[in-house]
>>> print(open('run_1.txt').read())   # compact mmCIF, C-alpha atoms
# COMPACT_ATOMS: atom_id res chain seq x y z
CA MET A 22 -25.61 -28.83 24.63
CA SER A 23 -21.99 -27.72 24.82
CA ASN A 24 -20.70 -31.31 24.48
CA GLU A 25 -22.82 -31.78 21.37
CA ARG A 26 -21.30 -28.61 19.93
CA THR A 27 -17.71 -29.61 20.43
CA THR A 28 -18.17 -32.91 18.58
CA ARG A 29 -19.29 -31.13 15.41
CA GLU A 30 -16.77 -30.13 12.79
CA GLY A 31 -16.04 -26.50 12.04
CA SER A 32 -16.20 -25.21 8.49
CA LEU A 33 -13.38 -26.30 6.19
CA GLU A 34 -14.03 -23.41 3.81
CA ALA A 35 -12.03 -20.21 3.83
CA PRO A 36 -13.41 -17.63 6.29
CA THR A 37 -15.60 -14.91 4.84
CA ARG A 38 -16.45 -11.64 6.53
CA HIS A 39 -19.93 -10.13 6.50
CA ALA A 40 -20.36 -6.38 6.33
CA LEU A 41 -20.93 -4.65 9.67
CA ASP A 42 -24.65 -3.89 9.75
CA TRP A 43 -24.18 -0.82 11.93
CA LYS A 44 -26.90 1.27 10.31
CA SER A 45 -29.72 -1.13 11.13
CA ASP A 46 -32.02 -0.67 14.12
CA ASP A 47 -31.32 -4.23 15.30
CA PHE A 48 -27.59 -3.53 15.60
CA TRP A 49 -28.29 -0.91 18.28
CA ASP A 50 -31.00 -2.83 20.15
CA GLU A 51 -29.56 -3.88 23.53
CA GLY A 52 -31.94 -6.81 23.92
CA SER A 53 -30.90 -8.17 20.53
CA LEU A 54 -27.24 -7.56 21.41
CA PHE A 55 -27.40 -9.58 24.62
CA LYS A 56 -29.24 -12.40 22.89
CA GLU A 57 -26.36 -12.62 20.40
CA LEU A 58 -23.75 -12.28 23.14
CA GLU A 59 -25.31 -15.20 25.00
CA ARG A 60 -25.41 -17.32 21.84
CA VAL A 61 -21.77 -16.67 20.92
CA TYR A 62 -20.50 -16.90 24.51
CA ASP A 63 -22.18 -20.31 24.76
CA ILE A 64 -20.45 -21.50 21.58
CA CYS A 65 -17.09 -20.20 22.85
CA HIS A 66 -17.65 -21.89 26.22
CA GLY A 67 -18.26 -25.20 24.48
CA CYS A 68 -15.15 -24.88 22.32
CA ARG A 69 -12.45 -23.00 24.31
CA ARG A 70 -9.86 -23.09 21.54
CA CYS A 71 -9.10 -19.39 22.04
CA PHE A 72 -8.27 -19.59 25.76
CA SER A 73 -4.67 -18.46 25.21
CA LEU A 74 -5.18 -15.63 22.71
CA CYS A 75 -6.11 -12.67 24.91
CA HIS A 76 -7.79 -12.02 28.25
CA SER A 77 -11.37 -11.92 26.94
CA PHE A 78 -11.64 -15.67 26.74
CA PRO A 79 -10.18 -16.55 30.17
CA THR A 80 -12.48 -13.88 31.61
CA LEU A 81 -15.48 -15.58 30.01
CA PHE A 82 -14.46 -19.12 30.89
CA ASP A 83 -13.63 -18.24 34.51
CA ALA A 84 -17.01 -16.52 34.89
CA VAL A 85 -18.79 -19.60 33.54
CA ASP A 86 -16.79 -22.04 35.67
CA GLU A 87 -17.42 -20.00 38.83
CA SER A 88 -21.15 -19.54 38.19
CA ASP A 89 -23.85 -21.53 39.96
CA THR A 90 -24.91 -23.35 36.80
CA GLY A 91 -21.50 -23.83 35.15
CA GLU A 92 -23.04 -22.46 31.97
CA VAL A 93 -23.37 -19.05 30.33
CA ASP A 94 -26.86 -18.60 31.72
CA GLY A 95 -25.32 -18.41 35.20
CA ILE A 96 -22.99 -15.46 34.66
CA SER A 97 -23.81 -11.86 35.53
CA ARG A 98 -24.50 -8.99 33.15
CA GLN A 99 -21.29 -7.37 34.42
CA ALA A 100 -19.33 -10.45 33.34
CA TYR A 101 -20.67 -9.95 29.82
CA TRP A 102 -19.17 -6.44 29.80
CA ASP A 103 -15.90 -7.61 31.37
CA VAL A 104 -15.36 -9.85 28.34
CA VAL A 105 -16.05 -6.93 26.02
CA ASP A 106 -13.59 -4.68 27.88
CA HIS A 107 -10.73 -7.13 27.37
CA CYS A 108 -11.27 -7.39 23.60
CA TYR A 109 -9.01 -5.02 21.67
CA LEU A 110 -10.23 -6.14 18.23
CA CYS A 111 -7.00 -7.84 17.16
CA ASP A 112 -9.07 -10.27 15.00
CA MET A 113 -6.78 -13.21 15.75
CA CYS A 114 -9.61 -15.39 17.08
CA TYR A 115 -11.52 -14.89 13.84
CA MET A 116 -8.58 -15.42 11.51
CA SER A 117 -6.61 -18.17 13.21
CA LYS A 118 -8.62 -20.12 15.77
CA CYS A 119 -12.39 -20.13 15.45
CA PRO A 120 -13.86 -23.02 13.40
CA TYR A 121 -17.34 -21.45 13.43
CA VAL A 122 -16.75 -18.28 11.45
CA PRO A 123 -18.78 -17.71 8.26
CA PRO A 124 -19.58 -19.58 6.08
CA HIS A 125 -20.24 -21.97 8.99
CA GLU A 126 -23.94 -21.94 9.87
CA TRP A 127 -23.22 -20.67 13.40
CA ASN A 128 -21.84 -17.46 11.91
CA VAL A 129 -19.51 -16.50 14.77
CA ASP A 130 -17.67 -13.19 14.39
CA PHE A 131 -16.42 -12.56 17.91
CA PRO A 132 -14.46 -9.34 17.18
CA HIS A 133 -17.36 -7.67 15.40
CA LEU A 134 -19.74 -8.74 18.14
CA MET A 135 -17.40 -7.10 20.67
CA LEU A 136 -17.31 -4.02 18.43
CA ARG A 137 -21.11 -3.96 18.36
CA ALA A 138 -21.22 -4.13 22.17
CA LYS A 139 -18.69 -1.31 22.46
CA ALA A 140 -20.71 0.78 20.01
CA VAL A 141 -24.01 0.20 21.83
CA ARG A 142 -22.44 1.18 25.14
CA PHE A 143 -20.71 4.21 23.63
CA ARG A 144 -23.99 5.47 22.18
CA ARG A 145 -25.70 4.98 25.54
CA GLU A 146 -22.97 6.21 27.91
CA GLY A 147 -20.29 7.97 25.89
CA ALA A 148 -16.70 7.47 27.06
CA SER A 149 -14.58 8.49 30.00
CA ARG A 150 -12.36 11.56 29.80
CA ARG A 151 -9.30 9.31 29.63
CA ASP A 152 -10.66 7.20 26.79
CA ARG A 153 -11.79 10.25 24.83
CA LEU A 154 -8.34 11.77 25.25
CA LEU A 155 -6.38 8.63 24.36
CA SER A 156 -8.42 8.14 21.20
CA ALA A 157 -8.18 11.80 20.11
CA THR A 158 -4.81 11.20 18.50
CA ASP A 159 -4.90 14.10 16.04
CA THR A 160 -5.85 16.65 18.69
CA VAL A 161 -3.39 15.42 21.31
CA GLY A 162 -0.58 15.15 18.76
CA SER A 163 -1.16 18.66 17.45
CA LEU A 164 -1.19 20.20 20.92
CA ALA A 165 1.66 18.14 22.35
CA GLY A 166 3.72 18.75 19.21
CA ILE A 167 3.81 22.53 19.55
CA PRO A 168 7.41 23.72 20.04
CA VAL A 169 8.27 24.20 23.73
CA VAL A 170 5.03 22.40 24.63
CA ALA A 171 6.53 19.19 23.22
CA GLU A 172 9.60 19.58 25.40
CA VAL A 173 7.46 20.13 28.49
CA VAL A 174 5.16 17.19 27.71
CA ASN A 175 8.10 14.86 27.08
CA ALA A 176 9.84 15.97 30.28
CA VAL A 177 6.69 15.40 32.35
CA ASN A 178 6.14 12.00 30.75
CA ARG A 179 9.70 10.96 31.62
CA SER A 180 9.52 12.00 35.27
CA ASP A 181 8.24 9.84 38.13
CA ALA A 182 6.13 12.71 39.45
CA GLY A 183 4.61 13.31 36.03
CA ARG A 184 3.75 9.65 35.58
CA LYS A 185 2.12 9.46 39.00
CA LEU A 186 0.06 12.51 38.10
CA LEU A 187 -1.01 10.91 34.82
CA SER A 188 -1.98 7.76 36.67
CA LYS A 189 -4.08 9.60 39.22
CA ALA A 190 -5.68 12.10 36.86
CA LEU A 191 -6.19 10.00 33.73
CA GLY A 192 -5.69 6.36 34.69
CA VAL A 193 -2.53 5.97 32.59
CA HIS A 194 -0.28 3.37 34.21
CA PRO A 195 2.95 4.89 35.56
CA GLU A 196 5.12 2.11 34.11
CA ALA A 197 3.51 1.85 30.69
CA PRO A 198 5.70 3.09 27.82
CA ILE A 199 4.24 6.26 26.34
CA PRO A 200 5.45 7.97 23.17
CA THR A 201 7.67 10.96 22.64
CA TYR A 202 6.13 13.94 20.84
CA HIS A 203 8.03 15.76 18.10
CA SER A 204 7.53 19.41 17.28
CA ARG A 205 8.66 18.74 13.69
CA PRO A 206 6.27 16.10 12.39
CA LEU A 207 6.81 13.76 9.47
CA ARG A 208 4.42 15.72 7.26
CA SER A 209 6.76 18.72 7.48
CA ARG A 210 9.86 16.61 6.76
CA LEU A 211 8.80 15.03 3.46
CA LYS A 212 7.90 16.86 0.28
CA THR A 213 4.70 16.56 -1.71
CA ARG A 214 4.92 15.95 -5.44
CA SER A 215 2.47 15.44 -8.28
CA ALA A 216 2.20 12.35 -10.46
CA ALA A 217 3.73 14.34 -13.32
CA GLU A 218 6.81 14.99 -11.18
CA ALA A 219 7.20 11.35 -10.12
CA SER A 220 8.58 9.02 -12.76
CA ALA A 221 7.22 5.52 -12.07
CA GLU A 222 8.26 2.04 -13.18
CA PRO A 223 5.15 -0.13 -12.78
CA THR A 224 4.92 -3.89 -12.38
CA GLU A 225 1.98 -6.21 -12.82
CA GLU A 226 0.89 -5.61 -9.22
CA THR A 227 2.32 -2.19 -8.34
CA ARG A 228 2.28 1.20 -10.04
CA GLY A 229 5.73 2.11 -8.79
CA ARG A 230 4.93 5.32 -6.92
CA VAL A 231 3.38 5.59 -3.49
CA VAL A 232 1.52 7.93 -1.22
CA LEU A 233 2.85 7.56 2.32
CA PHE A 234 -0.08 7.78 4.72
CA ALA A 235 1.90 9.11 7.66
CA THR A 236 -0.57 7.98 10.38
CA CYS A 237 -1.05 10.09 13.50
CA TYR A 238 1.54 8.01 15.39
CA GLY A 239 4.03 8.07 12.54
CA ASN A 240 3.56 11.78 12.04
CA ARG A 241 4.00 13.05 15.61
CA ASN A 242 5.60 10.24 17.61
CA VAL A 243 8.01 8.34 15.34
CA PRO A 244 8.60 10.58 12.30
CA GLU A 245 11.98 8.92 11.78
CA VAL A 246 10.19 5.71 10.74
CA GLY A 247 8.43 7.47 7.88
CA GLU A 248 11.67 9.16 6.85
CA ASP A 249 13.47 5.81 6.78
CA LEU A 250 10.64 4.18 4.84
CA ALA A 251 10.61 7.00 2.28
CA ALA A 252 14.40 6.76 1.92
CA VAL A 253 14.18 3.00 1.27
CA PHE A 254 11.46 3.47 -1.34
CA GLU A 255 13.27 6.32 -3.09
CA HIS A 256 16.50 4.27 -3.06
CA ASN A 257 14.58 1.60 -4.96
CA GLY A 258 13.30 4.05 -7.57
CA ILE A 259 9.84 4.39 -6.03
CA PRO A 260 8.80 8.06 -5.76
CA VAL A 261 7.06 8.96 -2.49
CA THR A 262 4.56 11.71 -1.82
CA LEU A 263 2.16 12.75 0.92
CA ALA A 264 -1.58 13.29 0.72
CA PRO A 265 -2.52 17.00 0.71
CA SER A 266 -4.39 16.40 3.96
CA GLU A 267 -4.66 13.53 6.43
CA ARG A 268 -6.65 12.57 9.52
CA CYS A 269 -6.28 9.65 11.92
CA CYS A 270 -7.37 6.45 10.17
CA GLY A 271 -10.08 5.96 12.80
CA MET A 272 -8.79 2.81 14.49
CA PRO A 273 -8.63 4.36 18.03
CA LYS A 274 -12.25 5.48 17.68
CA LEU A 275 -13.25 2.07 16.33
CA GLU A 276 -11.75 0.36 19.39
CA LEU A 277 -13.80 2.75 21.54
CA GLY A 278 -17.02 1.94 19.67
CA ASP A 279 -17.40 5.50 18.40
CA LEU A 280 -18.55 4.58 14.90
CA GLU A 281 -19.76 8.07 14.00
CA SER A 282 -16.24 9.43 14.52
CA VAL A 283 -14.90 6.59 12.37
CA ALA A 284 -17.29 7.69 9.65
CA GLN A 285 -16.11 11.29 9.96
CA ALA A 286 -12.47 10.20 9.64
CA MET A 287 -13.38 8.13 6.59
CA GLU A 288 -15.07 11.13 4.95
CA ALA A 289 -11.94 13.21 5.57
CA ASN A 290 -9.43 10.65 4.29
CA VAL A 291 -10.99 8.47 1.62
CA PRO A 292 -11.96 11.09 -1.00
CA VAL A 293 -8.45 12.58 -0.80
CA LEU A 294 -6.77 9.17 -1.13
CA ALA A 295 -9.16 8.00 -3.86
CA LYS A 296 -8.25 11.05 -5.96
CA LEU A 297 -4.56 10.15 -5.59
CA VAL A 298 -5.31 6.58 -6.64
CA ASP A 299 -7.05 7.93 -9.74
CA GLU A 300 -3.87 9.92 -10.45
CA GLY A 301 -1.81 6.73 -10.48
CA TRP A 302 -0.52 6.34 -6.92
CA ASP A 303 -0.44 3.31 -4.62
CA ILE A 304 -0.69 3.87 -0.86
CA VAL A 305 1.43 2.54 2.02
CA ALA A 306 1.35 3.19 5.77
CA PRO A 307 4.07 2.37 8.32
CA VAL A 308 1.64 1.13 11.01
CA PRO A 309 -0.21 -2.19 10.38
CA SER A 310 -3.37 -1.08 12.21
CA CYS A 311 -3.83 1.79 9.76
CA VAL A 312 -3.33 -0.48 6.75
CA LEU A 313 -5.88 -2.90 8.21
CA MET A 314 -8.34 -0.06 8.83
CA PHE A 315 -8.38 0.91 5.15
CA LYS A 316 -8.15 -2.62 3.78
CA GLN A 317 -10.69 -4.36 6.03
CA GLU A 318 -12.65 -2.34 8.56
CA LEU A 319 -13.75 0.58 6.40
CA PRO A 320 -14.86 -1.68 3.51
CA LEU A 321 -16.89 -3.73 6.01
CA MET A 322 -18.47 -0.59 7.45
CA PHE A 323 -19.12 1.01 4.06
CA PRO A 324 -19.57 -1.88 1.61
CA ASP A 325 -21.42 0.24 -0.93
CA ARG A 326 -18.81 3.01 -1.22
CA GLU A 327 -16.80 2.70 -4.42
CA ASP A 328 -14.15 5.13 -3.20
CA VAL A 329 -13.61 3.07 -0.04
CA ALA A 330 -13.13 -0.07 -2.15
CA LYS A 331 -10.76 1.80 -4.48
CA VAL A 332 -8.56 2.94 -1.60
CA ALA A 333 -8.61 -0.54 -0.05
CA ALA A 334 -7.39 -2.08 -3.31
CA ALA A 335 -4.52 0.43 -3.54
CA MET A 336 -3.44 0.20 0.12
CA PHE A 337 -0.34 -1.92 0.87
CA ASP A 338 1.74 -2.98 3.80
CA PRO A 339 5.13 -1.44 2.90
CA PHE A 340 7.08 -4.69 3.06
CA ASN A 341 4.48 -6.52 1.02
CA TYR A 342 4.92 -3.75 -1.54
CA LEU A 343 8.69 -4.20 -1.52
CA MET A 344 8.37 -7.95 -1.98
CA LEU A 345 6.01 -7.45 -4.92
CA ARG A 346 8.67 -5.22 -6.46
CA HIS A 347 11.32 -7.84 -5.70
CA LYS A 348 9.24 -10.52 -7.39
CA ALA A 349 9.24 -8.35 -10.51
CA GLY A 350 13.02 -7.90 -10.30
CA LYS A 351 12.82 -4.26 -9.28
CA LEU A 352 14.20 -4.29 -5.73
CA LYS A 353 17.84 -3.48 -5.10
CA THR A 354 19.60 -6.29 -3.28
CA GLU A 355 23.05 -4.70 -2.95
CA PHE A 356 23.45 -4.06 0.77
CA ALA A 357 26.24 -2.24 2.60
CA ASN A 358 25.70 -3.79 6.04
CA SER A 359 24.51 -7.09 7.42
CA LEU A 360 22.00 -7.08 10.27
CA GLY A 361 23.16 -10.20 12.07
CA LYS A 362 20.46 -11.88 14.12
CA VAL A 363 17.11 -10.09 14.15
CA SER A 364 14.32 -10.96 16.57
CA TYR A 365 11.08 -9.95 14.87
CA GLN A 366 7.67 -9.70 16.58
CA VAL A 367 4.84 -9.99 14.04
CA PRO A 368 1.96 -7.68 15.10
CA CYS A 369 -1.56 -9.12 15.20
CA HIS A 370 -2.94 -6.49 12.84
CA LEU A 371 -0.33 -7.56 10.30
CA ARG A 372 -0.90 -11.29 10.75
CA VAL A 373 -4.63 -10.99 10.07
CA GLN A 374 -3.96 -9.35 6.70
CA ASN A 375 -3.04 -12.84 5.41
CA ILE A 376 -0.11 -11.66 3.31
CA GLY A 377 2.56 -13.85 4.90
CA LEU A 378 5.72 -12.72 6.66
CA LYS A 379 6.83 -10.18 4.08
CA THR A 380 8.93 -8.16 6.53
CA ARG A 381 10.96 -11.26 7.36
CA GLU A 382 11.33 -12.06 3.66
CA VAL A 383 12.66 -8.59 2.83
CA LEU A 384 15.08 -8.42 5.77
CA SER A 385 16.28 -11.94 4.97
CA LEU A 386 17.52 -10.67 1.60
CA VAL A 387 20.30 -8.90 3.50
CA PRO A 388 23.43 -11.10 3.50
CA ASP A 389 24.54 -12.65 6.79
CA THR A 390 21.16 -11.83 8.34
CA GLN A 391 18.99 -14.28 10.24
CA VAL A 392 15.42 -13.23 11.08
CA GLU A 393 13.54 -15.12 13.79
CA ALA A 394 9.81 -14.35 13.65
CA ILE A 395 7.76 -14.40 16.85
CA GLU A 396 4.06 -14.72 16.02
CA ARG A 397 2.71 -13.75 19.41
CA CYS A 398 0.75 -10.73 20.62
CA SER A 399 2.61 -7.86 22.28
CA GLY A 400 -0.33 -7.12 24.57
CA HIS A 401 -0.18 -3.42 23.69
CA ASP A 402 -3.05 -3.20 21.24
CA GLY A 403 -3.88 0.46 20.90
CA THR A 404 -4.54 1.97 24.31
CA TYR A 405 -5.12 -1.27 26.25
CA ALA A 406 -1.61 -1.54 27.71
CA VAL A 407 -1.39 2.03 28.99
CA LYS A 408 -4.53 1.86 31.14
CA ASN A 409 -4.14 1.27 34.87
CA GLU A 410 -6.64 -1.58 34.98
CA PHE A 411 -5.19 -3.49 32.01
CA HIS A 412 -1.44 -2.84 32.07
CA ASP A 413 -0.45 -5.85 34.20
CA ILE A 414 -2.60 -8.14 32.04
CA SER A 415 -0.98 -6.70 28.90
CA LEU A 416 2.45 -7.57 30.30
CA LYS A 417 1.29 -11.12 30.97
CA ILE A 418 0.25 -11.37 27.32
CA ALA A 419 3.61 -9.94 26.21
CA ARG A 420 5.72 -12.11 28.50
CA PRO A 421 6.28 -15.01 26.03
CA VAL A 422 7.55 -12.54 23.40
CA ILE A 423 9.80 -10.76 25.89
CA ARG A 424 11.22 -14.10 27.02
CA LYS A 425 11.98 -15.18 23.44
CA VAL A 426 13.71 -11.90 22.64
CA ASN A 427 15.78 -12.07 25.83
CA GLN A 428 16.81 -15.64 25.02
CA SER A 429 17.52 -15.00 21.34
CA GLY A 430 20.89 -13.26 21.67
CA CYS A 431 19.75 -11.03 18.83
CA ASP A 432 21.63 -8.04 17.45
CA HIS A 433 18.37 -6.20 16.74
CA PHE A 434 14.81 -6.41 17.93
CA THR A 435 12.05 -5.15 15.63
CA SER A 436 8.28 -4.99 15.14
CA ASP A 437 6.23 -3.44 12.34
CA CYS A 438 4.10 -1.78 15.02
CA PRO A 439 6.10 0.90 16.89
CA MET A 440 3.78 0.69 19.90
CA ALA A 441 4.14 -3.08 20.13
CA GLY A 442 7.90 -2.70 19.76
CA ASP A 443 8.06 -0.26 22.68
CA GLN A 444 5.88 -2.49 24.86
CA ILE A 445 8.17 -5.47 24.32
CA ALA A 446 11.43 -3.50 24.48
CA HIS A 447 10.31 -2.17 27.87
CA GLY A 448 10.85 -5.69 29.21
CA VAL A 449 13.90 -6.61 27.12
CA GLU A 450 17.37 -6.35 28.63
CA GLY A 451 19.55 -3.76 26.91
CA LYS A 452 17.67 -3.65 23.63
CA ASP A 453 15.63 -0.89 22.02
CA SER A 454 13.09 -1.56 19.33
CA ARG A 455 13.90 -0.42 15.78
CA HIS A 456 11.29 -0.42 13.03
CA PRO A 457 12.02 -2.79 10.11
CA ALA A 458 12.18 0.22 7.75
CA SER A 459 14.98 1.66 9.88
CA LEU A 460 16.83 -1.66 9.83
CA LEU A 461 16.46 -1.91 6.06
CA ARG A 462 17.81 1.61 5.65
CA LEU A 463 20.74 0.64 7.85
CA ALA A 464 21.35 -2.41 5.68
CA TYR A 465 21.34 -0.30 2.52
CA GLY A 466 23.70 2.20 4.16
CA ILE A 467 21.70 5.18 2.91
>>> encode(input="run_1.txt", output="structure tokens")
Amino acid sequence: MSNERTTREGSLEAPTRHALDWKSDDFWDEGSLFKELERVYDICHGCRRCFSLCHSFPTLFDAVDESDTGEVDGISRQAYWDVVDHCYLCDMCYMSKCPYVPPHEWNVDFPHLMLRAKAVRFRREGASRRDRLLSATDTVGSLAGIPVVAEVVNAVNRSDAGRKLLSKALGVHPEAPIPTYHSRPLRSRLKTRSAAEASAEPTEETRGRVVLFATCYGNRNVPEVGEDLAAVFEHNGIPVTLAPSERCCGMPKLELGDLESVAQAMEANVPVLAKLVDEGWDIVAPVPSCVLMFKQELPLMFPDREDVAKVAAAMFDPFNYLMLRHKAGKLKTEFANSLGKVSYQVPCHLRVQNIGLKTREVLSLVPDTQVEAIERCSGHDGTYAVKNEFHDISLKIARPVIRKVNQSGCDHFTSDCPMAGDQIAHGVEGKDSRHPASLLRLAYGI
């Protein structure tokens, strides 16, 4: 059966994505779920093209190879869940490897099947205290960002004793990089303005003024990235504003399988952003996962919502936005400083947006600057890398990137994802990660 499968050709048509049918009774039926898991696992076992992408596939293939039958029907129910636990919904198998995605008749969507399994288990069992805490980014950021509290939290997180306590109490690995919390968040550093106050110079593809969706990570953990991005946009004549209110995009809850919380975050964010779109604003976010959430995951979860589609159409990766402006002759290319050699890790959630390497293209506009792109996973992927049981595996995934950066002799190392950048920089000799927006601001000398 498997041999017959591998001799057949995959689809040569462009991949299409079906909406997530999460409101149907069948979606939540565990018997139906395991029937689909067995079907897709069997196809993956017969193909094995994705063996090097993440740890889900080696986990599946090892379980099959070590079973009594040597087929999927010989693996345990626990092995099914082990595969699910190692999927962090990066989407790379769907977008770059699998020949059996829709419109192929076998209709394989491995990431959304893993999401379905996570959702079914979450509805049945809930989540551990650690996982609830790690995915409650707004709550944790607000509490940890209180003045004095932030200093205490950061001091504890930097100490060996504090890290051991976190490991024992919450299962957070003592060597995993964890973020700094700022008592002065990005949303208090940038001003809000109306469309009437923001003179815009539109192009065919951009309206020339943007709402910066700060993101929970960008707001509390790396506010300097948002400041640098806003400075670059303003330097290029693109007015920047903030939404009147903002919640986490919902990606941490999606990775947990908590779809109801994703829906709540959508209801808090999308009407606010859709109103701004109606007022003539585009939207950018400094973290690729958040852009992907609005552009792909929410439209697939809510295919009938016009406001969701409106926000998705107006949401841009910031460097894609800058390149669209450059294409229209509206990007300043007078730079004060070269960047030398830049080693650039391309995050998975940026690669699957299928927009090309726009960050590399923008940074390459800087004279005497060479940008080497590394299209490999960092292994961080949300909360995966900070958990005791997954941290060592995450480092194994990151090792090829770390090795390339160490061998590059680069002047700067960068990643669009601040969390991925920290994960890699943790293993790089004498090099911190700087966000591309910060490098571009450095190049402009502003």
>>> atom_distance(input="run_1.txt", atom1="CA of Leu134 in chain A", atom2="CA of Met116 in chain A")
14.6 Å
>>> residues_around(input="run_1.txt", residues="range 233-238 of chain A", least_positions_apart="3", cutoff="6 Å", atoms="all atoms listed in the file", output="list in words")
Arg241, Asn242, Leu263, Cys269, Val305 and Ala306 of chain A
>>> closest_residue(input="run_1.txt", among="A:Gln285, A:Ser415, A:Ser180, A:Ser310", to="Cys75 in chain A", atoms="all atoms listed in the file")
A:Ser415
>>> residues_around(input="run_1.txt", residues="Lys417 in chain A", least_positions_apart="5", cutoff="10 Å", atoms="only C-alpha atoms", output="number ranges by chain")
A: 75-76, 399-400, 412, 422-423
>>> residues_around(input="run_1.txt", residues="range 212-215 of chain A", least_positions_apart="3", cutoff="10 Å", atoms="all atoms listed in the file", output="list of chain:residue names")
A:Leu207, A:Arg208, A:Ser209, A:Glu218, A:Ala219, A:Ser220, A:Val232, A:Pro260, A:Val261, A:Thr262, A:Leu263, A:Ala264, A:Pro265, A:Leu297, A:Glu300, A:Gly301, A:Trp302
>>> closest_residue(input="run_1.txt", among="A:His107, A:His256, A:Arg179, A:His347", to="Lys379 in chain A", atoms="only C-alpha atoms")
A:His347
>>> residues_around(input="run_1.txt", residues="Gln391 in chain A", least_positions_apart="6", cutoff="12 Å", atoms="only C-alpha atoms", output="PyMOL selection string")
chain A and resi 359-365+381-385+429-434
>>> write_last_selection(input="run_1.txt", atoms="C-alpha atoms", output="mmCIF file, in the frame of the given file")
data_model
loop_
_atom_site.group_PDB
_atom_site.id
_atom_site.type_symbol
_atom_site.label_atom_id
_atom_site.label_comp_id
_atom_site.auth_asym_id
_atom_site.auth_seq_id
_atom_site.Cartn_x
_atom_site.Cartn_y
_atom_site.Cartn_z
ATOM 1 C CA SER A 359 24.510 -7.090 7.420
ATOM 2 C CA LEU A 360 22.000 -7.080 10.270
ATOM 3 C CA GLY A 361 23.160 -10.200 12.070
ATOM 4 C CA LYS A 362 20.460 -11.880 14.120
ATOM 5 C CA VAL A 363 17.110 -10.090 14.150
ATOM 6 C CA SER A 364 14.320 -10.960 16.570
ATOM 7 C CA TYR A 365 11.080 -9.950 14.870
ATOM 8 C CA ARG A 381 10.960 -11.260 7.360
ATOM 9 C CA GLU A 382 11.330 -12.060 3.660
ATOM 10 C CA VAL A 383 12.660 -8.590 2.830
ATOM 11 C CA LEU A 384 15.080 -8.420 5.770
ATOM 12 C CA SER A 385 16.280 -11.940 4.970
ATOM 13 C CA SER A 429 17.520 -15.000 21.340
ATOM 14 C CA GLY A 430 20.890 -13.260 21.670
ATOM 15 C CA CYS A 431 19.750 -11.030 18.830
ATOM 16 C CA ASP A 432 21.630 -8.040 17.450
ATOM 17 C CA HIS A 433 18.370 -6.200 16.740
ATOM 18 C CA PHE A 434 14.810 -6.410 17.930
#
>>> atom_distance(input="run_1.txt", atom1="CA of Leu164 in chain A", atom2="CA of Leu136 in chain A")
29.2 Å
>>> residues_near_point(input="run_1.txt", point="(-17.9, -11.6, 30.9)", cutoff="9 Å", atoms="only C-alpha atoms", output="list in words")
Tyr62, Ser77, Phe78, Thr80, Leu81, Phe82, Asp83, Ala84, Val85, Ile96, Ser97, Arg98, Gln99, Ala100, Tyr101, Trp102, Asp103, Val104, Val105 and Asp106 of chain A
>>> atom_distance(input="run_1.txt", atom1="CA of Pro124 in chain A", atom2="CA of Leu371 in chain A")
23.1 Å
>>> decode(input="run_1.txt", residues="range 422-449 of chain A", atoms="C-alpha atoms", output="compact mmCIF listing (two decimals), in the first residue's frame")
# COMPACT_ATOMS: atom_id res chain seq x y z
CA VAL A 422 21.44 27.73 11.72
CA ILE A 423 23.75 28.32 14.67
CA ARG A 424 26.58 26.61 12.81
CA LYS A 425 26.07 28.75 9.70
CA VAL A 426 26.02 31.96 11.71
CA ASN A 427 29.17 30.97 13.60
CA GLN A 428 30.93 30.16 10.33
CA SER A 429 29.73 33.26 8.48
CA GLY A 430 32.07 35.83 10.03
CA CYS A 431 29.13 38.21 9.95
CA ASP A 432 29.06 41.72 11.38
CA HIS A 433 25.40 41.36 12.36
CA PHE A 434 23.01 38.52 12.96
CA THR A 435 19.28 39.14 12.48
CA SER A 436 15.88 37.46 12.29
CA ASP A 437 12.43 38.95 11.72
CA CYS A 438 11.22 36.93 14.71
CA PRO A 439 12.74 38.26 17.96
CA MET A 440 12.18 34.93 19.72
CA ALA A 441 13.89 32.98 16.95
CA GLY A 442 16.74 35.49 17.00
CA ASP A 443 17.27 35.01 20.74
CA GLN A 444 17.15 31.22 20.41
CA ILE A 445 19.88 31.24 17.77
CA ALA A 446 21.97 33.98 19.37
CA HIS A 447 22.03 31.90 22.56
CA GLY A 448 24.28 29.46 20.69
CA VAL A 449 26.25 31.99 18.64
